[in-house]
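This is run-v8.tsv. It holds TSV, C-alpha atoms and all ligand atoms.
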```
chain	number	residue	atom	x	y	z
Y	1	MET	CA	12.06	-7.22	5.45
Y	2	SER	CA	12.70	-10.87	4.86
Y	3	ALA	CA	16.25	-11.80	3.92
Y	4	ALA	CA	14.80	-13.83	1.03
Y	5	SER	CA	12.40	-11.23	-0.40
Y	6	PRO	CA	12.14	-7.49	-0.85
Y	7	LEU	CA	8.51	-7.70	0.34
Y	8	LEU	CA	7.52	-7.22	3.97
Y	9	LEU	CA	6.43	-10.58	5.39
Y	10	ASP	CA	4.78	-11.41	8.68
Y	11	GLU	CA	5.86	-14.27	10.89
Y	12	GLY	CA	3.50	-16.83	9.38
Y	13	GLN	CA	4.47	-15.89	5.84
Y	14	ARG	CA	8.17	-16.19	6.73
Y	15	ALA	CA	7.52	-19.66	8.14
Y	16	LEU	CA	5.82	-20.72	4.90
Y	17	LEU	CA	8.74	-19.35	2.90
Y	18	ALA	CA	11.23	-21.15	5.12
Y	19	GLY	CA	9.52	-24.46	4.31
Y	20	GLU	CA	8.21	-25.04	7.85
Y	21	HIS	CA	4.91	-26.25	6.37
Y	22	GLY	CA	6.45	-28.37	3.65
Y	23	PRO	CA	7.94	-27.93	0.21
Y	24	LEU	CA	4.72	-27.21	-1.65
Y	25	PRO	CA	3.51	-24.21	0.39
Y	26	ARG	CA	7.08	-22.94	0.12
Y	27	ARG	CA	6.94	-23.10	-3.69
Y	28	LEU	CA	3.58	-21.36	-3.74
Y	29	MET	CA	4.86	-18.61	-1.43
Y	30	ARG	CA	7.72	-18.10	-3.85
Y	31	LEU	CA	5.21	-17.78	-6.69
Y	32	LEU	CA	3.24	-15.13	-4.76
Y	33	LEU	CA	6.43	-13.25	-3.90
Y	34	ARG	CA	7.56	-13.30	-7.51
Y	35	LEU	CA	4.18	-11.92	-8.60
Y	36	GLY	CA	4.41	-9.30	-5.87
Y	37	GLU	CA	7.84	-8.21	-7.09
Y	38	LEU	CA	6.61	-8.02	-10.70
Y	39	TYR	CA	3.69	-5.79	-9.67
Y	40	GLY	CA	5.71	-3.65	-7.25
Y	41	ALA	CA	3.86	-4.81	-4.13
Y	42	ARG	CA	5.35	-3.88	-0.75
Y	43	ARG	CA	3.82	-6.78	1.16
Y	44	LEU	CA	1.47	-9.74	1.08
Y	45	VAL	CA	-1.95	-9.14	2.65
Y	46	PRO	CA	-3.97	-11.87	4.37
Y	47	VAL	CA	-7.11	-12.75	2.41
Y	48	ALA	CA	-10.50	-13.64	3.87
Y	49	SER	CA	-11.32	-15.99	1.02
Y	50	ALA	CA	-10.18	-17.27	-2.35
Y	51	GLN	CA	-12.31	-18.12	-5.36
Y	52	ILE	CA	-10.58	-20.43	-7.78
Y	53	ALA	CA	-11.06	-20.56	-11.56
Y	54	GLY	CA	-9.73	-23.34	-13.72
Y	55	VAL	CA	-12.29	-25.92	-12.72
Y	56	SER	CA	-13.83	-27.22	-15.93
Y	57	TYR	CA	-12.15	-30.18	-17.58
Y	58	LYS	CA	-12.72	-28.29	-20.82
Y	59	SER	CA	-10.13	-25.69	-19.80
Y	60	LEU	CA	-7.83	-27.84	-17.60
Y	61	GLY	CA	-7.57	-30.96	-19.73
Y	62	ASP	CA	-5.46	-33.92	-18.60
Y	63	PRO	CA	-2.41	-31.81	-17.62
Y	64	GLY	CA	-4.50	-29.71	-15.23
Y	65	LEU	CA	-6.23	-32.78	-13.81
Y	66	GLY	CA	-2.86	-34.45	-13.20
Y	67	PHE	CA	-1.46	-31.33	-11.52
Y	68	LEU	CA	-4.45	-31.09	-9.16
Y	69	GLU	CA	-4.32	-34.78	-8.27
Y	70	ASP	CA	-0.60	-34.48	-7.49
Y	71	LEU	CA	-1.27	-31.40	-5.39
Y	72	ALA	CA	-4.03	-33.19	-3.47
Y	73	ALA	CA	-1.80	-36.24	-2.92
Y	74	SER	CA	0.87	-34.02	-1.37
Y	75	GLY	CA	-1.41	-33.38	1.62
Y	76	ALA	CA	-1.66	-29.62	0.99
Y	77	ARG	CA	-4.73	-27.89	2.48
Y	78	VAL	CA	-6.19	-24.47	1.94
Y	79	ARG	CA	-5.63	-21.93	4.74
Y	80	VAL	CA	-8.72	-19.79	4.07
Y	81	THR	CA	-12.26	-20.33	2.85
Y	82	ALA	CA	-11.97	-21.23	-0.82
Y	83	SER	CA	-14.67	-21.93	-3.38
Y	84	LEU	CA	-14.73	-22.81	-7.06
Y	85	ASN	CA	-15.88	-21.31	-10.31
Y	86	PRO	CA	-18.41	-23.39	-12.30
Y	87	SER	CA	-17.31	-26.78	-13.54
Y	88	GLY	CA	-18.11	-28.30	-16.92
Y	89	VAL	CA	-20.90	-30.59	-15.72
Y	90	ASP	CA	-23.94	-30.64	-13.48
Y	91	PRO	CA	-23.11	-33.93	-11.75
Y	92	GLU	CA	-26.74	-34.58	-10.86
Y	93	ARG	CA	-28.01	-34.21	-14.43
Y	94	ALA	CA	-25.03	-35.27	-16.52
Y	95	GLU	CA	-26.68	-38.33	-17.98
Y	96	GLU	CA	-30.15	-36.82	-18.32
Y	97	LEU	CA	-28.86	-33.84	-20.31
Y	98	GLY	CA	-26.36	-35.74	-22.41
Y	99	PHE	CA	-23.05	-34.51	-21.04
Y	100	PRO	CA	-20.35	-36.82	-22.50
Y	101	ALA	CA	-19.60	-39.61	-20.01
Y	102	ASP	CA	-15.80	-39.39	-20.41
Y	103	PHE	CA	-15.92	-35.64	-19.79
Y	104	ALA	CA	-18.14	-36.07	-16.72
Y	105	ALA	CA	-15.82	-38.71	-15.25
Y	106	LYS	CA	-12.75	-36.47	-15.60
Y	107	GLN	CA	-14.71	-33.55	-14.18
Y	108	ALA	CA	-15.61	-35.61	-11.11
Y	109	ARG	CA	-11.91	-36.36	-10.53
Y	110	ILE	CA	-11.10	-32.64	-10.65
Y	111	LEU	CA	-13.76	-31.86	-8.05
Y	112	ALA	CA	-12.51	-34.73	-5.87
Y	113	ALA	CA	-8.97	-33.31	-6.00
Y	114	TYR	CA	-10.21	-29.85	-4.97
Y	115	ALA	CA	-12.21	-31.43	-2.14
Y	116	ARG	CA	-9.07	-33.15	-0.83
Y	117	LEU	CA	-7.37	-29.74	-0.78
Y	118	GLY	CA	-10.15	-28.51	1.50
Y	119	VAL	CA	-11.84	-26.34	-1.12
Y	120	LEU	CA	-15.62	-25.93	-0.82
Y	121	CYS	CA	-16.85	-27.71	-3.90
Y	122	SER	CA	-19.63	-25.22	-4.43
Y	123	ALA	CA	-18.90	-24.34	-8.04
Y	124	THR	CA	-20.49	-20.98	-8.71
Y	125	CYS	CA	-19.55	-17.66	-10.29
Y	126	ALA	CA	-21.86	-15.83	-7.86
Y	127	PRO	CA	-20.58	-17.06	-4.47
Y	128	TYR	CA	-21.82	-13.80	-2.91
Y	129	GLN	CA	-25.39	-15.03	-3.58
Y	130	ALA	CA	-24.62	-18.52	-2.30
Y	131	GLY	CA	-23.30	-18.06	1.20
Y	132	LEU	CA	-19.86	-16.51	0.67
Y	133	LEU	CA	-20.53	-12.80	1.20
Y	134	PRO	CA	-17.40	-10.68	1.73
Y	135	ARG	CA	-17.45	-7.68	4.04
Y	136	PHE	CA	-16.58	-4.11	3.10
Y	137	GLY	CA	-12.83	-3.59	3.00
Y	138	GLU	CA	-11.91	-7.28	3.19
Y	139	HIS	CA	-9.03	-8.45	1.02
Y	140	LEU	CA	-9.81	-11.41	-1.24
Y	141	ALA	CA	-8.14	-13.43	-3.98
Y	142	TRP	CA	-10.96	-14.13	-6.41
Y	143	ALA	CA	-10.56	-15.24	-9.98
Y	144	GLU	CA	-13.97	-15.12	-11.68
Y	145	SER	CA	-14.14	-11.76	-13.45
Y	146	SER	CA	-17.84	-11.13	-12.83
Y	147	ALA	CA	-17.48	-11.96	-9.14
Y	148	VAL	CA	-14.40	-9.74	-8.91
Y	149	ALA	CA	-16.36	-6.78	-10.31
Y	150	TYR	CA	-19.24	-7.43	-7.92
Y	151	ALA	CA	-17.00	-7.86	-4.87
Y	152	ASN	CA	-15.06	-4.66	-5.54
Y	153	ALA	CA	-17.82	-2.39	-6.78
Y	154	VAL	CA	-20.97	-3.53	-4.99
Y	155	LEU	CA	-19.56	-4.96	-1.76
Y	156	GLY	CA	-16.50	-2.73	-1.33
Y	157	ALA	CA	-14.20	-5.72	-0.82
Y	158	ARG	CA	-10.77	-5.66	-2.47
Y	159	THR	CA	-9.54	-8.16	-5.01
Y	160	ASN	CA	-7.61	-8.20	-8.23
Y	161	ARG	CA	-8.74	-10.47	-11.03
Y	162	GLU	CA	-6.59	-13.45	-10.10
Y	163	GLY	CA	-5.48	-16.12	-12.49
Y	164	GLY	CA	-6.16	-19.78	-11.70
Y	165	PRO	CA	-2.67	-20.50	-10.28
Y	166	SER	CA	-2.43	-17.29	-8.23
Y	167	ALA	CA	-5.89	-17.79	-6.68
Y	168	LEU	CA	-4.97	-21.37	-5.80
Y	169	ALA	CA	-1.65	-20.21	-4.31
Y	170	ALA	CA	-3.49	-17.56	-2.29
Y	171	ALA	CA	-5.93	-20.19	-1.01
Y	172	LEU	CA	-3.09	-22.48	0.08
Y	173	CYS	CA	-0.94	-19.69	1.61
Y	174	GLY	CA	-3.73	-17.43	2.89
Y	175	CYS	CA	-2.37	-14.22	1.36
Y	176	THR	CA	-1.89	-12.30	-1.88
Y	177	PRO	CA	0.41	-9.51	-3.11
Y	178	GLU	CA	-0.92	-6.07	-2.19
Y	179	HIS	CA	-1.17	-4.18	-5.47
Y	180	GLY	CA	-3.80	-2.96	-7.92
Y	181	LEU	CA	-7.32	-2.97	-6.50
Y	182	HIS	CA	-6.08	-3.74	-2.99
Y	183	LEU	CA	-4.89	-0.11	-2.93
Y	184	ASP	CA	-6.98	3.07	-2.97
Y	185	GLU	CA	-5.37	4.56	-6.05
Y	186	ALA	CA	-6.56	1.88	-8.49
Y	187	ARG	CA	-10.14	2.25	-7.28
Y	188	ARG	CA	-10.53	5.84	-8.49
Y	189	PRO	CA	-12.91	6.39	-11.45
Y	190	SER	CA	-11.31	6.80	-14.88
Y	191	HIS	CA	-14.33	7.54	-17.13
Y	192	ARG	CA	-17.70	9.24	-16.63
Y	193	VAL	CA	-20.50	7.35	-18.41
Y	194	ARG	CA	-23.83	9.16	-18.78
Y	195	VAL	CA	-26.56	6.55	-19.34
Y	196	GLU	CA	-29.44	8.17	-21.21
Y	197	ALA	CA	-31.60	5.08	-21.74
Y	198	GLU	CA	-34.18	3.52	-19.48
Y	199	LEU	CA	-32.89	0.03	-18.66
Y	200	ARG	CA	-35.83	-2.39	-18.68
Y	201	SER	CA	-34.26	-5.78	-18.04
Y	202	THR	CA	-31.09	-7.43	-16.76
Y	203	ALA	CA	-30.24	-8.05	-20.42
Y	204	ASP	CA	-30.27	-4.26	-20.93
Y	205	PHE	CA	-27.72	-3.98	-18.13
Y	206	GLY	CA	-25.67	-6.65	-19.93
Y	207	ALA	CA	-25.88	-4.74	-23.23
Y	208	LEU	CA	-24.82	-1.56	-21.43
Y	209	GLY	CA	-21.93	-3.46	-19.84
Y	210	VAL	CA	-20.74	-4.75	-23.23
Y	211	TRP	CA	-20.87	-1.24	-24.68
Y	212	VAL	CA	-19.01	0.33	-21.75
Y	213	GLY	CA	-16.41	-2.43	-21.39
Y	214	ARG	CA	-15.45	-2.11	-25.04
Y	215	ARG	CA	-14.73	1.58	-24.53
Y	216	VAL	CA	-13.09	1.77	-21.12
Y	217	GLY	CA	-11.05	-1.47	-21.27
Y	218	ALA	CA	-9.48	-1.95	-17.84
Y	219	GLY	CA	-10.70	1.44	-16.58
Y	220	VAL	CA	-12.98	2.21	-13.65
Y	221	PRO	CA	-16.25	3.63	-15.04
Y	222	TRP	CA	-18.44	6.04	-13.09
Y	223	LEU	CA	-21.98	5.28	-14.30
Y	224	GLU	CA	-24.64	7.99	-13.97
Y	225	GLY	CA	-28.32	7.76	-14.85
Y	226	LEU	CA	-29.01	4.22	-13.60
Y	227	CYS	CA	-32.31	4.10	-11.75
Y	228	GLU	CA	-31.61	2.27	-8.50
Y	229	PRO	CA	-30.29	-0.99	-9.96
Y	230	GLY	CA	-30.69	-4.07	-7.77
Y	231	PRO	CA	-28.13	-6.80	-7.11
Y	232	ASP	CA	-29.01	-8.89	-10.16
Y	233	ALA	CA	-28.82	-5.91	-12.51
Y	234	LEU	CA	-25.41	-4.97	-11.10
Y	235	LYS	CA	-24.32	-8.59	-11.42
Y	236	ALA	CA	-25.19	-8.57	-15.14
Y	237	LEU	CA	-23.61	-5.15	-15.71
Y	238	GLY	CA	-20.29	-6.00	-14.06
Y	239	ALA	CA	-20.07	-9.39	-15.79
Y	240	ALA	CA	-20.52	-7.83	-19.21
Y	241	MET	CA	-18.04	-5.00	-18.57
Y	242	ALA	CA	-15.48	-7.56	-17.43
Y	243	ALA	CA	-16.08	-9.77	-20.47
Y	244	SER	CA	-16.04	-7.13	-23.20
Y	245	GLY	CA	-13.31	-5.09	-21.51
Y	246	ALA	CA	-11.41	-5.87	-18.33
Y	247	VAL	CA	-13.42	-3.83	-15.86
Y	248	ALA	CA	-12.91	-5.05	-12.28
Y	249	MET	CA	-14.23	-1.99	-10.41
Y	250	TYR	CA	-16.91	0.61	-11.10
Y	251	HIS	CA	-18.97	3.20	-9.31
Y	252	VAL	CA	-22.68	4.00	-9.40
Y	253	PRO	CA	-23.35	7.18	-7.40
Y	254	GLY	CA	-25.93	6.64	-4.68
Y	255	VAL	CA	-25.68	2.85	-5.04
Y	256	THR	CA	-22.14	1.47	-4.73
Y	257	PRO	CA	-20.38	2.10	-1.44
Y	258	GLU	CA	-17.21	3.88	-2.57
Y	259	ALA	CA	-18.77	6.34	-5.02
Y	260	CYS	CA	-19.08	8.91	-2.22
Y	261	LEU	CA	-15.28	8.97	-1.91
Y	262	HIS	CA	-14.79	10.24	-5.47
Y	263	SER	CA	-15.88	12.88	-7.97
Y	264	PRO	CA	-16.30	12.46	-11.74
Y	265	ALA	CA	-15.26	16.07	-12.42
Y	266	GLY	CA	-12.75	16.29	-15.25
Y	267	LEU	CA	-12.97	12.66	-16.35
Y	268	PRO	CA	-13.31	11.73	-20.04
Y	269	GLU	CA	-17.04	11.41	-20.83
Y	270	LEU	CA	-19.10	8.83	-22.73
Y	271	ARG	CA	-22.82	8.98	-23.49
Y	272	VAL	CA	-24.93	5.92	-24.16
Y	273	GLY	CA	-28.60	5.78	-25.09
Y	274	ARG	CA	-31.15	3.29	-26.42
Y	275	ALA	CA	-29.68	3.39	-29.95
Y	276	GLU	CA	-26.28	2.19	-28.65
Y	277	LEU	CA	-27.90	-0.59	-26.64
Y	278	GLU	CA	-29.94	-1.78	-29.62
Y	279	ALA	CA	-26.81	-1.72	-31.79
Y	280	THR	CA	-25.04	-3.87	-29.17
Y	281	TYR	CA	-27.85	-6.44	-29.20
Y	282	ALA	CA	-27.74	-6.49	-33.00
Y	283	GLU	CA	-23.95	-6.93	-33.17
Y	284	LEU	CA	-24.13	-9.92	-30.82
Y	285	THR	CA	-27.11	-11.59	-32.51
Y	286	CYS	CA	-27.06	-13.95	-35.49
Y	287	GLU	CA	-29.94	-14.95	-37.70
Y	288	GLY	CA	-31.53	-18.30	-36.99
Y	289	GLU	CA	-33.56	-20.39	-34.62
Y	290	PRO	CA	-32.04	-21.32	-31.26
Y	291	GLU	CA	-31.72	-24.97	-30.26
Y	292	LEU	CA	-31.18	-24.02	-26.62
Y	293	LEU	CA	-32.23	-21.09	-24.41
Y	294	VAL	CA	-29.99	-20.18	-21.48
Y	295	THR	CA	-30.32	-17.88	-18.51
Y	296	GLY	CA	-28.20	-17.67	-15.36
Y	297	CYS	CA	-24.97	-16.09	-16.60
Y	298	PRO	CA	-23.81	-15.09	-14.01
Y	299	HIS	CA	-25.55	-17.76	-11.94
Y	300	ALA	CA	-29.18	-16.98	-11.20
Y	301	SER	CA	-30.22	-15.76	-7.76
Y	302	LEU	CA	-33.20	-17.09	-5.85
Y	303	ALA	CA	-35.09	-13.90	-6.75
Y	304	GLU	CA	-34.47	-14.47	-10.47
Y	305	ILE	CA	-35.59	-18.09	-10.16
Y	306	ALA	CA	-38.71	-17.03	-8.27
Y	307	ALA	CA	-39.62	-14.58	-11.06
Y	308	LEU	CA	-39.05	-17.25	-13.70
Y	309	SER	CA	-41.10	-19.75	-11.74
Y	310	ARG	CA	-44.06	-17.36	-11.70
Y	311	ARG	CA	-43.65	-16.66	-15.42
Y	312	LEU	CA	-43.52	-20.32	-16.43
Y	313	ALA	CA	-46.29	-21.60	-14.16
Y	314	GLY	CA	-48.78	-23.59	-16.23
Y	315	ARG	CA	-46.94	-23.02	-19.55
Y	316	ARG	CA	-44.80	-25.19	-21.83
Y	317	LEU	CA	-41.60	-24.21	-23.59
Y	318	THR	CA	-41.05	-25.10	-27.22
Y	319	ARG	CA	-37.24	-25.18	-26.73
Y	320	PRO	CA	-35.10	-26.51	-23.89
Y	321	LEU	CA	-34.18	-23.80	-21.37
Y	322	TRP	CA	-31.19	-24.17	-19.05
Y	323	VAL	CA	-31.25	-22.07	-15.88
Y	324	CYS	CA	-27.75	-22.11	-14.40
Y	325	THR	CA	-27.32	-21.47	-10.69
Y	326	SER	CA	-25.45	-22.61	-7.60
Y	327	ALA	CA	-26.23	-25.89	-5.87
Y	328	SER	CA	-27.43	-24.10	-2.73
Y	329	THR	CA	-29.77	-21.83	-4.70
Y	330	ARG	CA	-31.21	-24.79	-6.60
Y	331	GLU	CA	-31.80	-26.61	-3.35
Y	332	ALA	CA	-33.53	-23.56	-1.87
Y	333	ALA	CA	-35.66	-23.25	-5.03
Y	334	ARG	CA	-36.71	-26.89	-4.69
Y	335	ARG	CA	-37.62	-26.56	-1.04
Y	336	LEU	CA	-39.62	-23.40	-1.69
Y	337	GLY	CA	-41.61	-25.00	-4.50
Y	338	LEU	CA	-40.10	-22.67	-7.12
Y	339	ALA	CA	-38.35	-25.39	-9.11
Y	340	ALA	CA	-41.41	-27.51	-9.90
Y	341	PRO	CA	-43.18	-25.00	-12.24
Y	342	ILE	CA	-39.89	-24.38	-14.05
Y	343	GLU	CA	-39.24	-28.07	-14.62
Y	344	ALA	CA	-42.87	-28.74	-15.55
Y	345	ALA	CA	-42.55	-26.14	-18.31
Y	346	GLY	CA	-39.65	-28.12	-19.78
Y	347	ALA	CA	-36.80	-26.01	-18.39
Y	348	ARG	CA	-33.98	-27.46	-16.29
Y	349	LEU	CA	-32.26	-25.97	-13.25
Y	350	LEU	CA	-28.56	-26.76	-13.60
Y	351	ALA	CA	-26.12	-26.36	-10.72
Y	352	ASP	CA	-22.31	-26.18	-10.54
Y	353	THR	CA	-21.90	-25.51	-14.27
Y	354	CYS	CA	-22.39	-22.89	-16.97
Y	355	VAL	CA	-22.85	-23.00	-20.72
Y	356	VAL	CA	-19.49	-21.43	-21.49
Y	357	VAL	CA	-17.43	-24.05	-19.62
Y	358	ALA	CA	-19.75	-26.97	-20.48
Y	359	PRO	CA	-18.86	-29.00	-23.58
Y	360	LEU	CA	-21.79	-27.45	-25.47
Y	361	GLU	CA	-20.31	-28.04	-28.90
Y	362	ARG	CA	-19.74	-31.76	-28.14
Y	363	MET	CA	-23.38	-32.01	-27.06
Y	364	GLY	CA	-24.53	-31.02	-30.52
Y	365	PHE	CA	-25.72	-27.46	-29.88
Y	366	ARG	CA	-24.87	-24.91	-32.56
Y	367	THR	CA	-27.25	-21.99	-31.93
Y	368	THR	CA	-27.96	-20.68	-28.45
Y	369	ALA	CA	-30.16	-17.83	-27.23
Y	370	VAL	CA	-29.04	-15.98	-24.10
Y	371	ASP	CA	-30.11	-12.99	-22.01
Y	372	SER	CA	-26.55	-12.29	-20.86
Y	373	GLY	CA	-24.07	-9.83	-22.35
Y	374	LYS	CA	-21.20	-11.89	-21.00
Y	375	ALA	CA	-22.46	-15.15	-22.49
Y	376	ALA	CA	-23.11	-13.40	-25.81
Y	377	CYS	CA	-19.48	-12.25	-25.87
Y	378	TYR	CA	-17.98	-15.64	-24.98
Y	379	LEU	CA	-20.15	-18.32	-26.60
Y	380	PRO	CA	-19.04	-17.78	-30.22
Y	381	GLY	CA	-15.32	-18.00	-29.48
Y	382	LEU	CA	-15.28	-20.49	-26.62
Y	383	CYS	CA	-18.10	-22.81	-27.66
Y	384	GLY	CA	-18.46	-22.30	-31.41
Y	385	GLN	CA	-22.03	-21.08	-30.96
Y	386	ARG	CA	-24.15	-18.86	-33.12
Y	387	VAL	CA	-25.77	-16.59	-30.55
Y	388	LEU	CA	-29.03	-14.69	-30.18
Y	389	PHE	CA	-28.82	-12.06	-27.43
Y	390	ARG	CA	-32.20	-10.82	-26.19
Y	391	PRO	CA	-34.04	-9.98	-22.94
Y	392	LEU	CA	-35.36	-13.12	-21.26
Y	393	GLU	CA	-38.95	-11.93	-21.56
Y	394	GLU	CA	-38.62	-11.71	-25.36
Y	395	LEU	CA	-37.11	-15.19	-25.53
Y	396	LEU	CA	-39.94	-16.57	-23.43
Y	397	GLU	CA	-42.61	-14.80	-25.46
Y	398	GLU	CA	-41.26	-16.47	-28.59
Y	399	HIS	CA	-40.88	-19.92	-27.10
Y	400	LEU	CA	-43.80	-20.37	-24.69
Y	401	ARG	CA	-47.16	-21.85	-25.45
T	501	LIG	FE1	-20.68	-17.54	-14.68
T	501	LIG	FE2	-20.16	-18.98	-16.77
T	501	LIG	FE3	-21.37	-16.71	-17.07
T	501	LIG	S1	-18.81	-18.65	-15.07
T	501	LIG	S2	-20.53	-15.45	-15.42
T	501	LIG	S3	-22.20	-18.49	-15.99
T	501	LIG	S4	-19.74	-17.50	-18.37
```
Mind turning the file's structure into structure tokens?
Ligand code: F3S
Amino acid sequence: MSAASPLLLDEGQRALLAGEHGPLPRRLMRLLLRLGELYGARRLVPVASAQIAGVSYKSLGDPGLGFLEDLAASGARVRVTASLNPSGVDPERAEELGFPADFAAKQARILAAYARLGVLCSATCAPYQAGLLPRFGEHLAWAESSAVAYANAVLGARTNREGGPSALAAALCGCTPEHGLHLDEARRPSHRVRVEAELRSTADFGALGVWVGRRVGAGVPWLEGLCEPGPDALKALGAAMAASGAVAMYHVPGVTPEACLHSPAGLPELRVGRAELEATYAELTCEGEPELLVTGCPHASLAEIAALSRRLAGRRLTRPLWVCTSASTREAARRLGLAAPIEAAGARLLADTCVVVAPLERMGFRTTAVDSGKAACYLPGLCGQRVLFRPLEELLEEHLR
């Protein structure tokens, strides 16, 4: 053990703690060690990547911007691959879509500071669909709750739901305290959920996720009765369970890779059918006409954009539709000719941002329609929105001509 810490440290970690790489990495190592002590970790584990939240100027404000610029000026650099959660602005379309100019300018300074730290300024909540795909068993330090659920459950990687500072410290030190979901014990199922409804859309998976998250909190649900869900359905499910509860790991027998290691026998049971899903939609839906339609929470995959492109071809929308995605996915959609029918219909592909961290309320929007359980949970409180939560196909049927 290190003389300075009760945690086991390797040679490189001891060097960081001794200040051999400068005062700032030393302070961040101390932060990680303190967190490790609080959580009863025995050691720090090297991480393959970090994913950093706390990117939007809306959440950081001037104090956060100043902190990041000071950090960047110190010469610190990340030690592992690190990417960002969505920012508050699509830099390419800020002016076109009416993002406030002062907000956009501060947002650009935040991204510039992260770039100086060596962070990949790909700002997406679905990095696993945009080139950063963890391997089974890899340790990570990811912050975005929906990405954490996907990485643990679907990919079999191991990450806790990091806060902004701890993910940044892990990126700059290359390690994280080994506790929680880094260990086998926390990955065991806690509740058996019998799904007795046919799920017809990704929004249905979001509604299911909201219902389950509210009941299991930070538990690890074992979900039975799902008919071979694909990556985008699992993305929507995990995001909603993380938003309405604090689910960071789940199992779907026959689908997720660690389900075969466990049994649901003896777990507390929940049953959910169509009536519960419809009640969830109703609870999260206000009366009224939307001013804005949004899809891509979590960020849309190329497959989702391809489906939308086919649906919108030759049609016109009667409301603006934002399709949020990563910059690399938008670029791929453009090159493949998928973006043009979407834009011709009046929709916009937005990259590097999302409605929840964008200054939606400053842009004059008051009522927003979404197909995401997570967005439906967050938009009222974080953006002052009245929300309509429906499957995308229903929203399109109402607003296409
Ligand atoms: Fe992603 Fe924003 Fe939704 S970060 S999961 S699009 S709330």
I'd like the contact shell of segment 203-218 of chain Y - 7 Å cut-off, all atoms listed in the file, skipping same-chain residues fewer than 2 positions apart - returned as a short mmCIF file (atom, residue, chain, number, x, y, z; two decimals) with C-alpha atoms, in the frame of the given file.
```
data_model
loop_
_atom_site.label_atom_id
_atom_site.label_comp_id
_atom_site.auth_asym_id
_atom_site.auth_seq_id
_atom_site.Cartn_x
_atom_site.Cartn_y
_atom_site.Cartn_z
CA LEU Y 199 -32.89 0.03 -18.66
CA ARG Y 200 -35.83 -2.39 -18.68
CA SER Y 201 -34.26 -5.78 -18.04
CA VAL Y 220 -12.98 2.21 -13.65
CA ALA Y 233 -28.82 -5.91 -12.51
CA ALA Y 236 -25.19 -8.57 -15.14
CA LEU Y 237 -23.61 -5.15 -15.71
CA GLY Y 238 -20.29 -6.00 -14.06
CA ALA Y 240 -20.52 -7.83 -19.21
CA MET Y 241 -18.04 -5.00 -18.57
CA ALA Y 242 -15.48 -7.56 -17.43
CA SER Y 244 -16.04 -7.13 -23.20
CA GLY Y 245 -13.31 -5.09 -21.51
CA ALA Y 246 -11.41 -5.87 -18.33
CA VAL Y 247 -13.42 -3.83 -15.86
CA LEU Y 277 -27.90 -0.59 -26.64
CA THR Y 280 -25.04 -3.87 -29.17
CA TYR Y 281 -27.85 -6.44 -29.20
CA ASP Y 371 -30.11 -12.99 -22.01
CA SER Y 372 -26.55 -12.29 -20.86
CA GLY Y 373 -24.07 -9.83 -22.35
CA LYS Y 374 -21.20 -11.89 -21.00
CA ARG Y 390 -32.20 -10.82 -26.19
CA PRO Y 391 -34.04 -9.98 -22.94
#
```
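Residue nearest ligand LIG 501 (chain T) within the list Y:Arg316, Y:His299, Y:Arg330, Y:His21: Y:His299 [criterion: smallest interatomic distance, only C-alpha atoms and all ligand atoms].
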Inset, instruction - Could you tell me, counting all atoms listed in the file, which protein and nucleic acid residues lie no more than 9 Å from ligand LIG 501 (chain T), written as a VMD selection string? - result: chain Y and resid 53 85 to 87 124 to 126 144 to 147 235 to 236 239 to 240 243 295 to 300 324 to 325 353 to 358 372 374 to 375 378 to 379
Inset, instruction - Quote the spacing between atom CA of His251 of chain Y and atom CA of Gln129 of chain Y in Å to one decimal place. - result: 20.2 Å
Legend entry - Given only C-alpha atoms as the counted atoms, nearest of Y:Ala169, Y:Ile52, Y:Leu360, Y:Val148 to Val119 of chain Y: Y:Ile52
Which residues of segment 29-101 of chain Y sit at most 12 Å from segment 149-162 of chain Y, using only C-alpha atoms? Give each one's shortest atom pair and distance in Å (one decimal place), in chain and ascending residue order, as JSON lines.
```
{"residue": "Y:Leu32", "atom": "CA", "partner": "Y:Glu162", "partner_atom": "CA", "distance": 11.3}
{"residue": "Y:Leu35", "atom": "CA", "partner": "Y:Glu162", "partner_atom": "CA", "distance": 11.0}
{"residue": "Y:Tyr39", "atom": "CA", "partner": "Y:Asn160", "partner_atom": "CA", "distance": 11.6}
{"residue": "Y:Val45", "atom": "CA", "partner": "Y:Arg158", "partner_atom": "CA", "distance": 10.8}
{"residue": "Y:Pro46", "atom": "CA", "partner": "Y:Arg158", "partner_atom": "CA", "distance": 11.5}
{"residue": "Y:Val47", "atom": "CA", "partner": "Y:Thr159", "partner_atom": "CA", "distance": 9.1}
{"residue": "Y:Ala48", "atom": "CA", "partner": "Y:Ala157", "partner_atom": "CA", "distance": 9.9}
{"residue": "Y:Ser49", "atom": "CA", "partner": "Y:Thr159", "partner_atom": "CA", "distance": 10.0}
{"residue": "Y:Ala50", "atom": "CA", "partner": "Y:Glu162", "partner_atom": "CA", "distance": 9.4}
{"residue": "Y:Gln51", "atom": "CA", "partner": "Y:Glu162", "partner_atom": "CA", "distance": 8.8}
{"residue": "Y:Ile52", "atom": "CA", "partner": "Y:Glu162", "partner_atom": "CA", "distance": 8.4}
{"residue": "Y:Ala53", "atom": "CA", "partner": "Y:Glu162", "partner_atom": "CA", "distance": 8.5}
{"residue": "Y:Gly54", "atom": "CA", "partner": "Y:Glu162", "partner_atom": "CA", "distance": 11.0}
```
Taking all listed atoms of segment 172-176 of chain Y, build the axis-aligned box, pad each of the six sides by 5 Å, then write its centre and edge lengths in Å to one decimal as JSON.
```
{"center_x": -2.3, "center_y": -17.4, "center_z": 0.5, "size_x": 12.8, "size_y": 20.2, "size_z": 14.8}
```
